[in-house]
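Just entry_33.txt here, compact mmCIF, C-alpha atoms and all ligand atoms:
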# COMPACT_ATOMS: atom_id res chain seq x y z
CA MET A 29 52.06 79.56 -99.63
CA ASN A 30 54.75 78.01 -101.80
CA THR A 31 53.20 75.87 -104.54
CA ILE A 32 55.20 72.89 -105.80
CA ILE A 33 54.77 72.29 -109.55
CA GLU A 34 55.29 68.56 -110.11
CA LYS A 35 55.57 67.26 -113.68
CA ILE A 36 54.22 63.73 -114.08
CA ASN A 37 54.19 61.84 -117.37
CA GLU A 38 50.99 59.79 -117.58
CA ASN A 39 52.77 57.14 -119.66
CA ASN A 40 55.62 56.76 -117.21
CA ILE A 41 54.33 57.75 -113.78
CA SER A 42 56.99 58.50 -111.17
CA ILE A 43 56.06 56.76 -107.92
CA GLU A 44 58.12 59.29 -105.92
CA SER A 45 56.09 62.16 -107.37
CA ILE A 46 52.81 60.42 -106.61
CA GLN A 47 54.04 59.75 -103.05
CA ARG A 48 54.91 63.42 -102.55
CA ALA A 49 51.43 64.45 -103.75
CA SER A 50 49.75 61.78 -101.68
CA ALA A 51 51.57 62.85 -98.50
CA ILE A 52 50.18 66.37 -98.95
CA LEU A 53 46.61 65.04 -99.25
CA GLU A 54 47.07 62.79 -96.22
CA ARG A 55 48.18 65.80 -94.16
CA GLY A 56 44.99 67.63 -95.19
CA GLY A 57 46.57 69.77 -97.92
CA LEU A 58 45.43 70.44 -101.48
CA VAL A 59 46.82 69.04 -104.75
CA ALA A 60 45.59 69.95 -108.24
CA PHE A 61 45.77 67.00 -110.63
CA PRO A 62 44.76 66.09 -114.20
CA THR A 63 41.70 64.01 -115.03
CA GLU A 64 40.46 63.03 -118.49
CA THR A 65 37.86 65.86 -118.39
CA VAL A 66 39.46 68.90 -116.71
CA TYR A 67 42.02 69.45 -113.92
CA GLY A 68 40.66 68.88 -110.41
CA LEU A 69 41.56 70.56 -107.12
CA GLY A 70 41.86 67.64 -104.71
CA GLY A 71 41.58 67.30 -100.95
CA ASP A 72 40.62 64.53 -98.51
CA GLY A 73 36.95 63.83 -99.31
CA LEU A 74 36.08 62.91 -95.75
CA SER A 75 37.70 65.94 -94.13
CA ALA A 76 35.50 68.95 -93.45
CA LEU A 77 38.65 71.07 -93.09
CA ALA A 78 39.98 70.03 -96.51
CA ALA A 79 36.59 70.93 -98.04
CA THR A 80 36.79 74.38 -96.45
CA LYS A 81 40.29 74.87 -97.86
CA ILE A 82 39.01 73.93 -101.33
CA TYR A 83 36.19 76.49 -101.18
CA THR A 84 38.61 79.17 -100.01
CA ALA A 85 41.24 78.45 -102.69
CA LYS A 86 38.62 78.57 -105.46
CA GLY A 87 36.59 81.43 -104.00
CA ARG A 88 33.61 79.12 -104.41
CA PRO A 89 30.25 79.45 -102.63
CA SER A 90 30.12 76.67 -100.03
CA ASP A 91 26.58 75.61 -101.02
CA ASN A 92 28.04 74.25 -104.26
CA PRO A 93 28.89 70.60 -103.54
CA LEU A 94 32.10 68.79 -104.54
CA ILE A 95 32.51 65.56 -106.52
CA ILE A 96 34.24 62.70 -104.68
CA HIS A 97 36.73 60.75 -106.80
CA VAL A 98 37.32 57.04 -106.16
CA ALA A 99 39.61 54.42 -107.72
CA GLU A 100 37.35 51.38 -107.21
CA ILE A 101 33.62 50.73 -107.43
CA GLY A 102 33.82 49.08 -104.00
CA THR A 103 34.58 52.43 -102.33
CA VAL A 104 31.13 53.70 -103.33
CA TYR A 105 29.61 51.25 -100.86
CA ASP A 106 31.52 52.98 -98.03
CA LEU A 107 30.19 56.40 -99.03
CA ALA A 108 26.64 55.84 -100.29
CA GLU A 109 23.32 54.22 -99.31
CA ASP A 110 20.55 52.66 -101.45
CA ILE A 111 22.81 51.81 -104.40
CA ASN A 112 20.27 50.62 -106.96
CA ASP A 113 20.45 48.66 -110.24
CA HIS A 114 20.64 51.80 -112.36
CA ALA A 115 23.69 52.97 -110.44
CA ARG A 116 25.34 49.54 -110.58
CA MET A 117 24.82 49.22 -114.33
CA LEU A 118 26.18 52.71 -114.98
CA MET A 119 29.28 52.16 -112.85
CA GLU A 120 29.97 48.87 -114.66
CA ALA A 121 29.44 50.41 -118.09
CA PHE A 122 31.18 53.79 -117.77
CA TRP A 123 33.76 53.67 -114.96
CA PRO A 124 36.51 54.57 -114.99
CA GLY A 125 35.39 57.47 -117.16
CA PRO A 126 33.71 60.89 -117.41
CA LEU A 127 30.44 60.07 -115.61
CA THR A 128 29.50 61.38 -112.16
CA ILE A 129 26.66 59.62 -110.33
CA ILE A 130 24.55 61.10 -107.52
CA PHE A 131 23.86 58.79 -104.55
CA ASN A 132 22.24 59.14 -101.13
CA LYS A 133 25.19 59.74 -98.80
CA LYS A 134 26.21 57.89 -95.68
CA ASP A 135 26.30 59.94 -92.47
CA HIS A 136 30.08 60.09 -92.18
CA VAL A 137 30.44 61.92 -95.51
CA PRO A 138 30.72 65.52 -94.28
CA GLY A 139 28.04 68.02 -95.22
CA SER A 140 30.81 70.49 -95.98
CA THR A 141 31.84 68.27 -98.91
CA THR A 142 28.26 67.87 -100.18
CA GLY A 143 27.22 71.50 -99.73
CA GLY A 144 24.82 70.44 -96.98
CA LEU A 145 22.93 68.01 -99.27
CA SER A 146 21.92 64.49 -98.21
CA THR A 147 23.30 63.21 -101.51
CA VAL A 148 26.87 62.82 -102.71
CA ALA A 149 28.34 63.01 -106.23
CA ILE A 150 30.90 60.29 -107.00
CA ARG A 151 33.02 59.49 -110.04
CA MET A 152 35.92 57.22 -110.96
CA PRO A 153 38.20 59.11 -113.37
CA SER A 154 40.12 57.21 -116.05
CA HIS A 155 43.23 59.42 -116.09
CA PRO A 156 46.19 57.27 -114.94
CA VAL A 157 47.67 60.07 -112.79
CA ALA A 158 44.33 60.64 -111.01
CA LEU A 159 43.89 56.91 -110.38
CA ALA A 160 47.48 56.53 -109.13
CA LEU A 161 47.03 59.43 -106.69
CA ILE A 162 43.74 58.11 -105.29
CA LYS A 163 45.18 54.60 -104.86
CA GLU A 164 48.46 55.75 -103.29
CA SER A 165 46.72 58.04 -100.79
CA GLY A 166 44.10 55.46 -99.87
CA LEU A 167 41.66 58.39 -99.70
CA CYS A 168 38.59 59.30 -101.65
CA ILE A 169 39.41 62.69 -103.11
CA ALA A 170 36.96 65.58 -103.22
CA ALA A 171 37.77 67.63 -106.31
CA PRO A 172 35.96 70.44 -108.07
CA SER A 173 37.47 71.81 -111.26
CA ALA A 174 40.79 73.50 -110.39
CA ASN A 175 39.84 77.02 -111.52
CA THR A 176 38.96 80.18 -109.65
CA SER A 177 35.18 80.13 -109.29
CA GLY A 178 33.57 81.71 -112.39
CA ARG A 179 36.56 81.27 -114.71
CA PRO A 180 36.70 78.58 -117.42
CA SER A 181 37.71 75.14 -116.11
CA PRO A 182 41.42 74.36 -116.56
CA THR A 183 42.43 72.00 -119.36
CA CYS A 184 46.20 72.19 -118.83
CA ALA A 185 48.49 72.86 -115.86
CA GLN A 186 49.21 76.42 -117.01
CA HIS A 187 45.52 77.32 -116.49
CA VAL A 188 45.68 75.94 -112.94
CA ILE A 189 48.88 77.88 -112.27
CA GLU A 190 47.17 81.10 -113.45
CA ASP A 191 44.33 80.61 -110.96
CA LEU A 192 45.76 78.76 -107.97
CA VAL A 193 49.50 79.29 -107.58
CA GLY A 194 50.23 80.37 -103.99
CA LYS A 195 46.85 79.00 -102.84
CA VAL A 196 47.51 75.23 -102.92
CA GLU A 197 50.41 73.01 -101.84
CA MET A 198 50.98 71.29 -105.19
CA ILE A 199 49.94 71.45 -108.85
CA ILE A 200 50.63 68.30 -110.84
CA ASP A 201 51.46 69.04 -114.47
CA GLY A 202 50.25 66.05 -116.45
CA GLY A 203 49.89 67.84 -119.78
CA ALA A 204 46.73 68.73 -121.68
CA VAL A 205 43.54 66.81 -120.89
CA GLY A 206 41.69 64.79 -123.53
CA ILE A 207 38.03 65.79 -123.26
CA GLY A 208 38.20 69.36 -122.01
CA ILE A 209 34.72 69.76 -120.53
CA GLU A 210 33.46 68.44 -117.21
CA SER A 211 31.92 65.00 -116.64
CA THR A 212 28.29 64.15 -117.33
CA ILE A 213 26.31 64.16 -114.05
CA ILE A 214 23.37 61.80 -113.61
CA ASP A 215 21.03 61.47 -110.64
CA VAL A 216 19.70 57.92 -110.32
CA THR A 217 18.23 58.25 -106.83
CA GLY A 218 14.67 58.63 -108.19
CA GLU A 219 12.45 56.49 -110.43
CA LEU A 220 13.47 58.31 -113.59
CA PRO A 221 17.21 59.01 -114.02
CA ILE A 222 17.96 62.69 -114.65
CA ILE A 223 20.98 64.23 -116.40
CA LEU A 224 21.99 67.25 -114.32
CA ARG A 225 24.97 68.25 -116.47
CA PRO A 226 25.61 67.06 -120.04
CA GLY A 227 29.09 65.82 -120.95
CA TYR A 228 31.03 63.37 -123.04
CA ILE A 229 28.78 60.47 -121.96
CA THR A 230 25.62 61.35 -123.89
CA LYS A 231 21.93 60.75 -123.17
CA ALA A 232 21.88 58.09 -125.91
CA MET A 233 24.85 56.27 -124.39
CA LEU A 234 23.19 56.26 -120.96
CA GLU A 235 19.87 55.10 -122.39
CA GLN A 236 21.55 52.13 -124.04
CA VAL A 237 22.47 50.89 -120.59
CA ILE A 238 19.52 51.84 -118.34
CA GLY A 239 16.64 52.81 -120.63
CA GLU A 240 14.83 56.14 -120.45
CA VAL A 241 16.77 59.10 -119.10
CA VAL A 242 15.60 62.73 -119.00
CA MET A 243 17.44 66.05 -119.04
CA ASP A 244 17.02 68.34 -116.03
CA ARG A 245 14.43 70.87 -117.23
CA ALA A 246 16.64 73.70 -116.08
CA LEU A 247 19.13 72.76 -118.85
CA GLU A 248 16.57 73.30 -121.58
CA GLU A 249 14.74 76.39 -120.38
CA VAL A 250 16.15 79.72 -119.38
CA GLY A 251 14.23 81.30 -116.56
CA GLU A 252 14.64 82.08 -112.93
CA GLU A 253 11.74 79.87 -111.84
CA ILE A 254 13.41 76.57 -112.70
CA LYS A 255 16.23 75.80 -110.32
CA PRO A 256 18.86 73.38 -111.63
CA LYS A 257 19.27 70.21 -109.55
CA ALA A 258 23.06 70.47 -109.65
CA PRO A 259 23.64 73.61 -107.57
CA GLY A 260 26.77 74.48 -109.59
CA MET A 261 24.78 74.78 -112.82
CA LYS A 262 23.00 77.89 -111.53
CA TYR A 263 26.09 80.06 -111.45
CA THR A 264 27.24 82.05 -114.49
CA HIS A 265 30.11 79.75 -115.10
CA TYR A 266 32.97 79.53 -117.54
CA ALA A 267 32.75 83.22 -118.27
CA PRO A 268 35.51 84.93 -120.22
CA LYS A 269 36.12 88.61 -119.28
CA GLY A 270 34.91 89.83 -122.67
CA GLU A 271 31.23 89.75 -123.62
CA LEU A 272 30.59 86.60 -125.66
CA THR A 273 27.79 86.35 -128.23
CA ILE A 274 26.93 83.24 -130.26
CA VAL A 275 25.73 83.69 -133.82
CA GLU A 276 23.60 80.81 -134.97
CA ALA A 277 21.72 79.91 -138.12
CA ARG A 278 18.00 79.55 -137.62
CA VAL A 279 17.33 75.84 -137.80
CA GLU A 280 14.07 76.20 -139.69
CA LYS A 281 15.76 78.32 -142.28
CA LYS A 282 18.55 75.82 -142.62
CA GLN A 283 16.14 72.95 -143.07
CA ARG A 284 14.25 74.86 -145.70
CA LEU A 285 17.44 75.65 -147.58
CA GLU A 286 18.44 72.05 -147.29
CA GLU A 287 15.30 70.97 -149.08
CA GLN A 288 15.70 73.68 -151.64
CA TYR A 289 19.39 73.47 -152.41
CA GLY A 290 20.48 70.05 -151.15
CA VAL A 291 24.25 69.98 -150.62
CA LEU A 292 24.55 73.72 -151.03
CA LYS A 293 22.93 74.27 -147.63
CA ASP A 294 26.17 74.57 -145.66
CA THR A 295 27.68 77.17 -147.92
CA VAL A 296 24.46 79.15 -147.81
CA SER A 297 23.85 79.34 -144.04
CA TYR A 298 27.48 79.41 -142.90
CA SER A 299 28.43 82.20 -145.25
CA LYS A 300 25.57 84.18 -143.70
CA ILE A 301 27.02 83.53 -140.26
CA VAL A 302 30.45 84.66 -141.42
CA SER A 303 29.16 87.91 -142.85
CA LYS A 304 26.98 88.57 -139.78
CA ILE A 305 29.91 88.00 -137.42
CA ASN A 306 32.19 90.19 -139.53
CA LYS A 307 29.58 92.96 -139.45
CA LEU A 308 29.18 92.74 -135.67
CA ALA A 309 32.96 92.65 -135.18
CA ALA A 310 33.55 95.62 -137.48
CA ALA A 311 30.95 97.70 -135.61
CA LYS A 312 32.63 97.05 -132.25
CA MET A 313 36.12 97.67 -133.63
CA ALA A 314 34.90 100.97 -135.09
CA GLU A 315 33.88 101.97 -131.56
CA GLY A 316 37.44 101.23 -130.46
CA PHE A 317 36.91 97.90 -128.73
CA LYS A 318 39.18 94.85 -128.99
CA VAL A 319 37.27 92.05 -130.71
CA GLY A 320 37.84 88.29 -130.89
CA ILE A 321 36.18 85.58 -132.96
CA ILE A 322 35.80 81.83 -132.34
CA ALA A 323 35.83 80.29 -135.80
CA THR A 324 35.54 76.81 -137.22
CA GLU A 325 38.39 75.63 -139.38
CA ASP A 326 36.54 76.11 -142.67
CA ASN A 327 35.68 79.74 -141.99
CA ALA A 328 38.65 81.00 -139.93
CA LYS A 329 40.41 82.65 -142.88
CA ASP A 330 37.30 84.68 -143.77
CA TYR A 331 37.10 86.68 -140.52
CA LYS A 332 38.56 90.06 -139.62
CA ALA A 333 39.11 90.90 -135.94
CA ASP A 334 41.90 91.58 -133.42
CA LEU A 335 42.11 87.88 -132.58
CA VAL A 336 40.54 85.09 -134.66
CA ILE A 337 40.94 81.61 -133.15
CA ASN A 338 40.37 78.46 -135.17
CA ILE A 339 38.80 75.98 -132.74
CA GLY A 340 38.79 73.02 -135.13
CA ALA A 341 36.50 71.43 -137.69
CA ARG A 342 32.76 71.69 -137.06
CA GLU A 343 32.36 67.91 -137.22
CA ASP A 344 35.28 67.22 -134.86
CA ALA A 345 33.53 67.64 -131.50
CA LEU A 346 36.39 66.26 -129.42
CA THR A 347 38.85 68.83 -130.79
CA VAL A 348 36.37 71.65 -130.21
CA SER A 349 35.70 70.52 -126.62
CA ALA A 350 39.39 70.02 -125.82
CA LYS A 351 40.16 73.56 -127.01
CA LEU A 352 37.08 75.49 -125.82
CA TYR A 353 38.11 76.62 -122.32
CA GLY A 354 41.71 77.33 -123.41
CA VAL A 355 40.38 79.52 -126.21
CA LEU A 356 38.19 81.49 -123.77
CA ARG A 357 41.25 82.06 -121.58
CA GLU A 358 43.30 83.24 -124.60
CA PHE A 359 40.79 86.04 -125.20
CA ASP A 360 41.25 87.08 -121.56
CA HIS A 361 45.03 87.22 -122.01
CA GLU A 362 44.62 89.55 -124.97
CA ASP A 363 42.08 91.71 -123.07
CA ILE A 364 39.46 91.10 -125.74
CA GLU A 365 36.28 93.04 -124.89
CA TYR A 366 33.80 91.49 -127.32
CA ILE A 367 33.85 87.90 -128.59
CA PHE A 368 31.67 86.47 -131.33
CA SER A 369 31.42 82.73 -131.84
CA GLU A 370 29.97 80.45 -134.46
CA SER A 371 27.68 77.81 -133.00
CA PHE A 372 28.44 74.09 -133.18
CA SER A 373 26.44 70.95 -133.76
CA ASN A 374 23.94 70.25 -130.98
CA ASP A 375 23.93 66.48 -131.61
CA ASP A 376 25.32 63.88 -129.19
CA PHE A 377 28.43 65.23 -127.48
CA GLY A 378 27.83 68.55 -129.26
CA TYR A 379 24.92 69.16 -126.87
CA ALA A 380 27.38 69.39 -123.96
CA ILE A 381 29.70 71.70 -125.87
CA MET A 382 26.83 74.05 -126.73
CA ASN A 383 25.64 73.90 -123.10
CA ARG A 384 29.01 75.30 -121.93
CA LEU A 385 29.32 77.81 -124.76
CA ILE A 386 25.80 79.16 -124.13
CA LYS A 387 26.55 79.48 -120.41
CA ALA A 388 29.82 81.26 -121.17
CA ALA A 389 27.79 83.62 -123.36
CA GLY A 390 25.25 84.22 -120.58
CA HIS A 391 22.64 83.08 -123.16
CA ARG A 392 23.45 85.93 -125.59
CA MET A 393 22.57 84.51 -128.99
CA ILE A 394 21.84 86.09 -132.35
CA TYR A 395 20.10 84.20 -135.12
CA VAL A 396 20.64 84.72 -138.82
O1 LIG A 401 34.76 66.37 -114.78
C1 LIG A 401 34.48 66.71 -113.63
O2 LIG A 401 33.44 66.36 -113.08
C2 LIG A 401 35.50 67.60 -112.89
C3 LIG A 401 36.74 66.76 -112.62
C4 LIG A 401 37.74 67.47 -111.77
O3 LIG A 401 36.36 65.53 -112.06
N1 LIG A 401 34.94 68.11 -111.69
C5 LIG A 401 34.00 69.09 -111.69
O4 LIG A 401 33.64 69.53 -110.43
O5 LIG A 401 33.52 69.55 -112.70
P1 LIG A 401 32.86 70.88 -110.16
O6 LIG A 401 32.89 71.04 -108.69
O7 LIG A 401 33.44 71.97 -110.95
O8 LIG A 401 31.40 70.60 -110.58
C6 LIG A 401 30.62 69.74 -109.77
C7 LIG A 401 29.18 69.87 -110.14
C8 LIG A 401 28.55 71.15 -109.64
O9 LIG A 401 27.67 71.66 -110.63
C9 LIG A 401 27.80 70.67 -108.41
O10 LIG A 401 26.72 71.49 -108.11
C10 LIG A 401 27.37 69.28 -108.84
O11 LIG A 401 28.48 68.79 -109.51
N2 LIG A 401 27.10 68.40 -107.67
C11 LIG A 401 28.01 67.94 -106.78
N3 LIG A 401 27.40 67.21 -105.82
C12 LIG A 401 26.10 67.18 -106.12
C13 LIG A 401 24.94 66.60 -105.52
N4 LIG A 401 25.01 65.89 -104.41
N5 LIG A 401 23.73 66.80 -106.11
C14 LIG A 401 23.63 67.53 -107.26
N6 LIG A 401 24.71 68.10 -107.88
C15 LIG A 401 25.91 67.94 -107.31
MG MG A 402 33.67 73.70 -111.93

Could you take the file, read its structure, and then write that structure out as structure tokens?
Ligand code: TXA
Ligand code: MG
Amino acid sequence: MNTIIEKINENNISIESIQRASAILERGGLVAFPTETVYGLGGDGLSALAATKIYTAKGRPSDNPLIIHVAEIGTVYDLAEDINDHARMLMEAFWPGPLTIIFNKKDHVPGSTTGGLSTVAIRMPSHPVALALIKESGLCIAAPSANTSGRPSPTCAQHVIEDLVGKVEMIIDGGAVGIGIESTIIDVTGELPIILRPGYITKAMLEQVIGEVVMDRALEEVGEEIKPKAPGMKYTHYAPKGELTIVEARVEKKQRLEEQYGVLKDTVSYSKIVSKINKLAAAKMAEGFKVGIIATEDNAKDYKADLVINIGAREDALTVSAKLYGVLREFDHEDIEYIFSESFSNDDFGYAIMNRLIKAAGHRMIYV
């Protein structure tokens, strides 16, 4: 298949380009497009055939449901049943934006889009190109992240091209995305709202609007017995080809040092992380392997490896999230076999970043 690469400037959107993309979707074809979180691979959300094409292009298991993207809150009422106060308040507060809400689906929403579930995931993205495409097509657009299943989600058009060229009709190049990790998913169909996937919209932000919210237990505990409620969260996702290990300071130790040394704490624990990572890297390089390191800005200059990538300042979560998946792909390009990463703050949005990093590492963590 010939894939059209269509450049669209989000600040000056070409109507002709949007019309070309829209025509493809209306004919049942696939178009990859930017959202504020990651690039999506779009198809007609009410077409079982389009859903099948999406699964094939991504190589994705068909029990892993897709998110439907809308451009107006009103459309949700055509797709979902039992829309309660929690859902209404969240849509008002966070849409358009990086929040996906789970609803009970109406019958005409095909099971092939929802992975056979009786619920449907819906979100209204805030990216102007995504909104323009949904509006022009008059469709609701089913769109998973536009990566090959198992690879890191795409945060720029080049990543999509790597994975999907020749497999989809069009890839819209709208530049780099802003957030870089996928939307927060919340299920409000029960009494107690549950976060199924953490993201830029944090637990605290959600609680300000609807009161108590809990995390899906499967996010907190590693173990085969607890099945995540978002089917996609069970797969080893976001994996780079090299084996990734996170090196983290033991929190208790850090707290103790904090009490003991006050402001010195950071220097103390982070320098331990740096020397631990350098030791691990040196051992692998001595065995002849290619080694990469994910470093924070402060420490980047202190590492020795085949490829050291500065992912941004520890306190600048949005920079770290925007760069994370691109960094993982860079290690793949350089055929890095072992990757060691510092850990990042687990607070607020940092929780979502660590969730993705830990998944990419297949839960391999070393404490110092
Ligand atoms: O930011 C995002 O959400 C991006 C952009 C493109 O919008 N999309 C995205 O889609 O991340 P995807 O397919 O890569 O991830 C969708 C996640 C999966 O973990 C899936 O299992 C879950 O949403 N999901 C979809 N429908 C669901 C449902 N009815 N119940 C529970 N989880 C659902
Ligand atoms: Mg995905």

Closest atom pairs, residues of chain A within 10 Å of ligand MG 402 (chain A), only C-alpha atoms and all ligand atoms, as a Markdown table:
| residue | atom | partner | partner_atom | distance |
| --- | --- | --- | --- | --- |
| A:Val66 | CA | A:MG402 | MG | 8.9 |
| A:Tyr67 | CA | A:MG402 | MG | 9.6 |
| A:Gly68 | CA | A:MG402 | MG | 8.6 |
| A:Leu69 | CA | A:MG402 | MG | 9.8 |
| A:Lys86 | CA | A:MG402 | MG | 9.5 |
| A:Arg88 | CA | A:MG402 | MG | 9.3 |
| A:Asn92 | CA | A:MG402 | MG | 9.5 |
| A:Leu94 | CA | A:MG402 | MG | 9.0 |
| A:Ile95 | CA | A:MG402 | MG | 9.8 |
| A:Ala171 | CA | A:MG402 | MG | 9.2 |
| A:Pro172 | CA | A:MG402 | MG | 5.5 |
| A:Ser173 | CA | A:MG402 | MG | 4.3 |
| A:Ala174 | CA | A:MG402 | MG | 7.3 |
| A:Asn175 | CA | A:MG402 | MG | 7.0 |
| A:Thr176 | CA | A:MG402 | MG | 8.7 |
| A:Ser177 | CA | A:MG402 | MG | 7.1 |
| A:Gly178 | CA | A:MG402 | MG | 8.0 |
| A:Arg179 | CA | A:MG402 | MG | 8.6 |
| A:Pro180 | CA | A:MG402 | MG | 7.9 |
| A:Ser181 | CA | A:MG402 | MG | 6.0 |
| A:Pro182 | CA | A:MG402 | MG | 9.1 |
| A:Ile209 | CA | A:MG402 | MG | 9.5 |
| A:Glu210 | CA | A:MG402 | MG | 7.5 |
| A:Gly260 | CA | A:MG402 | MG | 7.3 |
| A:Met261 | CA | A:MG402 | MG | 9.0 |
| A:Tyr263 | CA | A:MG402 | MG | 9.9 |
| A:His265 | CA | A:MG402 | MG | 7.7 |
| A:Tyr266 | CA | A:MG402 | MG | 8.1 |

Check: Taking all atoms listed in the file into account, which of A:Glu358, A:Glu343, A:Glu248, A:Glu276 comes nearest A:Tyr395?
Finding: A:Glu276

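Note that atom CA of A:Lys351 and atom CA of A:Asn338 are 9.5 Å apart.
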
Item checked: Atomic separation - atom CA of A:Asp72 relative to atom CA of A:Leu53, Å -> 6.1 Å

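Using only C-alpha atoms, the protein and nucleic acid residues lying no more than 10 Å from stretch 103-110 of chain A, apart from those fewer than 5 places from it along its own chain, are Leu74, Ile96, His97, Val98, Ala115, Met119, Ile130, Phe131, Asn132, Lys133, Lys134, Asp135, His136, Val137, Thr147, Val148, Ala149, Ile150, Arg151, Met152, Leu167, Cys168 and Thr217 of chain A.
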
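Closest approach to ligand LIG 401 (chain A) among A:Ile200, A:Val237, A:Ala258, A:Ala49 is made by A:Ala258 (distances from all atoms listed in the file).
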
Next item on the list: Extract, using all atoms listed in the file, all DNA, RNA and protein residues at most 10 Å from A:Ala158, discarding same-chain residues fewer than 3 positions from it, and format them as a PyMOL selection string.
Entry: chain A and resi 38+46+60-64+67-68+70+97-99+152-155+161-163+169+200+202

Write the residues of the selection above to a file with C-alpha atoms, as a PDB file, in the coordinates of the input.
ATOM      1  CA  GLU A  38      50.990  59.790-117.580  1.00  0.00           C
ATOM      2  CA  ILE A  46      52.810  60.420-106.610  1.00  0.00           C
ATOM      3  CA  ALA A  60      45.590  69.950-108.240  1.00  0.00           C
ATOM      4  CA  PHE A  61      45.770  67.000-110.630  1.00  0.00           C
ATOM      5  CA  PRO A  62      44.760  66.090-114.200  1.00  0.00           C
ATOM      6  CA  THR A  63      41.700  64.010-115.030  1.00  0.00           C
ATOM      7  CA  GLU A  64      40.460  63.030-118.490  1.00  0.00           C
ATOM      8  CA  TYR A  67      42.020  69.450-113.920  1.00  0.00           C
ATOM      9  CA  GLY A  68      40.660  68.880-110.410  1.00  0.00           C
ATOM     10  CA  GLY A  70      41.860  67.640-104.710  1.00  0.00           C
ATOM     11  CA  HIS A  97      36.730  60.750-106.800  1.00  0.00           C
ATOM     12  CA  VAL A  98      37.320  57.040-106.160  1.00  0.00           C
ATOM     13  CA  ALA A  99      39.610  54.420-107.720  1.00  0.00           C
ATOM     14  CA  MET A 152      35.920  57.220-110.960  1.00  0.00           C
ATOM     15  CA  PRO A 153      38.200  59.110-113.370  1.00  0.00           C
ATOM     16  CA  SER A 154      40.120  57.210-116.050  1.00  0.00           C
ATOM     17  CA  HIS A 155      43.230  59.420-116.090  1.00  0.00           C
ATOM     18  CA  LEU A 161      47.030  59.430-106.690  1.00  0.00           C
ATOM     19  CA  ILE A 162      43.740  58.110-105.290  1.00  0.00           C
ATOM     20  CA  LYS A 163      45.180  54.600-104.860  1.00  0.00           C
ATOM     21  CA  ILE A 169      39.410  62.690-103.110  1.00  0.00           C
ATOM     22  CA  ILE A 200      50.630  68.300-110.840  1.00  0.00           C
ATOM     23  CA  GLY A 202      50.250  66.050-116.450  1.00  0.00           C
TER      24      GLY A 202
END

Excluding A:Ser90 and its own-chain neighbours fewer than 5 positions away, which residues fall within 12 Å of it when counting all atoms listed in the file? Please give them as a compact mmCIF listing (two decimals) with C-alpha atoms, in the frame of the given file.
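Final output, saved to around.txt:
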# COMPACT_ATOMS: atom_id res chain seq x y z
CA ALA A 76 35.50 68.95 -93.45
CA ALA A 79 36.59 70.93 -98.04
CA THR A 80 36.79 74.38 -96.45
CA LYS A 81 40.29 74.87 -97.86
CA ILE A 82 39.01 73.93 -101.33
CA TYR A 83 36.19 76.49 -101.18
CA THR A 84 38.61 79.17 -100.01
CA ALA A 85 41.24 78.45 -102.69
CA GLY A 139 28.04 68.02 -95.22
CA SER A 140 30.81 70.49 -95.98
CA THR A 141 31.84 68.27 -98.91
CA THR A 142 28.26 67.87 -100.18
CA GLY A 143 27.22 71.50 -99.73
CA GLY A 144 24.82 70.44 -96.98
CA LEU A 145 22.93 68.01 -99.27
CA PRO A 172 35.96 70.44 -108.07
CA SER A 177 35.18 80.13 -109.29
CA PRO A 259 23.64 73.61 -107.57
CA GLY A 260 26.77 74.48 -109.59

Next item on the list: Enumerate, as a PyMOL selection string, the protein, DNA and RNA residues whose atoms approach (18.3, 59.0, -112.2) to within 12 Å, taking into account only C-alpha atoms and the coordinate frame of the file.
Entry: chain A and resi 111-118+128-132+213-224+231+234-235+238-244+257

Please save C-alpha atoms of the selected residues as a tab-separated table (two decimals), in the frame of the given file.
chain	number	residue	atom	x	y	z
A	111	ILE	CA	22.81	51.81	-104.40
A	112	ASN	CA	20.27	50.62	-106.96
A	113	ASP	CA	20.45	48.66	-110.24
A	114	HIS	CA	20.64	51.80	-112.36
A	115	ALA	CA	23.69	52.97	-110.44
A	116	ARG	CA	25.34	49.54	-110.58
A	117	MET	CA	24.82	49.22	-114.33
A	118	LEU	CA	26.18	52.71	-114.98
A	128	THR	CA	29.50	61.38	-112.16
A	129	ILE	CA	26.66	59.62	-110.33
A	130	ILE	CA	24.55	61.10	-107.52
A	131	PHE	CA	23.86	58.79	-104.55
A	132	ASN	CA	22.24	59.14	-101.13
A	213	ILE	CA	26.31	64.16	-114.05
A	214	ILE	CA	23.37	61.80	-113.61
A	215	ASP	CA	21.03	61.47	-110.64
A	216	VAL	CA	19.70	57.92	-110.32
A	217	THR	CA	18.23	58.25	-106.83
A	218	GLY	CA	14.67	58.63	-108.19
A	219	GLU	CA	12.45	56.49	-110.43
A	220	LEU	CA	13.47	58.31	-113.59
A	221	PRO	CA	17.21	59.01	-114.02
A	222	ILE	CA	17.96	62.69	-114.65
A	223	ILE	CA	20.98	64.23	-116.40
A	224	LEU	CA	21.99	67.25	-114.32
A	231	LYS	CA	21.93	60.75	-123.17
A	234	LEU	CA	23.19	56.26	-120.96
A	235	GLU	CA	19.87	55.10	-122.39
A	238	ILE	CA	19.52	51.84	-118.34
A	239	GLY	CA	16.64	52.81	-120.63
A	240	GLU	CA	14.83	56.14	-120.45
A	241	VAL	CA	16.77	59.10	-119.10
A	242	VAL	CA	15.60	62.73	-119.00
A	243	MET	CA	17.44	66.05	-119.04
A	244	ASP	CA	17.02	68.34	-116.03
A	257	LYS	CA	19.27	70.21	-109.55

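At a cut-off of 10 Å from (50.3, 64.4, -99.3), the residue set is Ile46, Gln47, Arg48, Ala49, Ser50, Ala51, Ile52, Leu53, Glu54, Arg55, Gly56, Gly57, Leu58, Val59, Gly71, Asp72, Leu161, Glu164, Ser165, Glu197 and Met198 of chain A (counting all atoms listed in the file).
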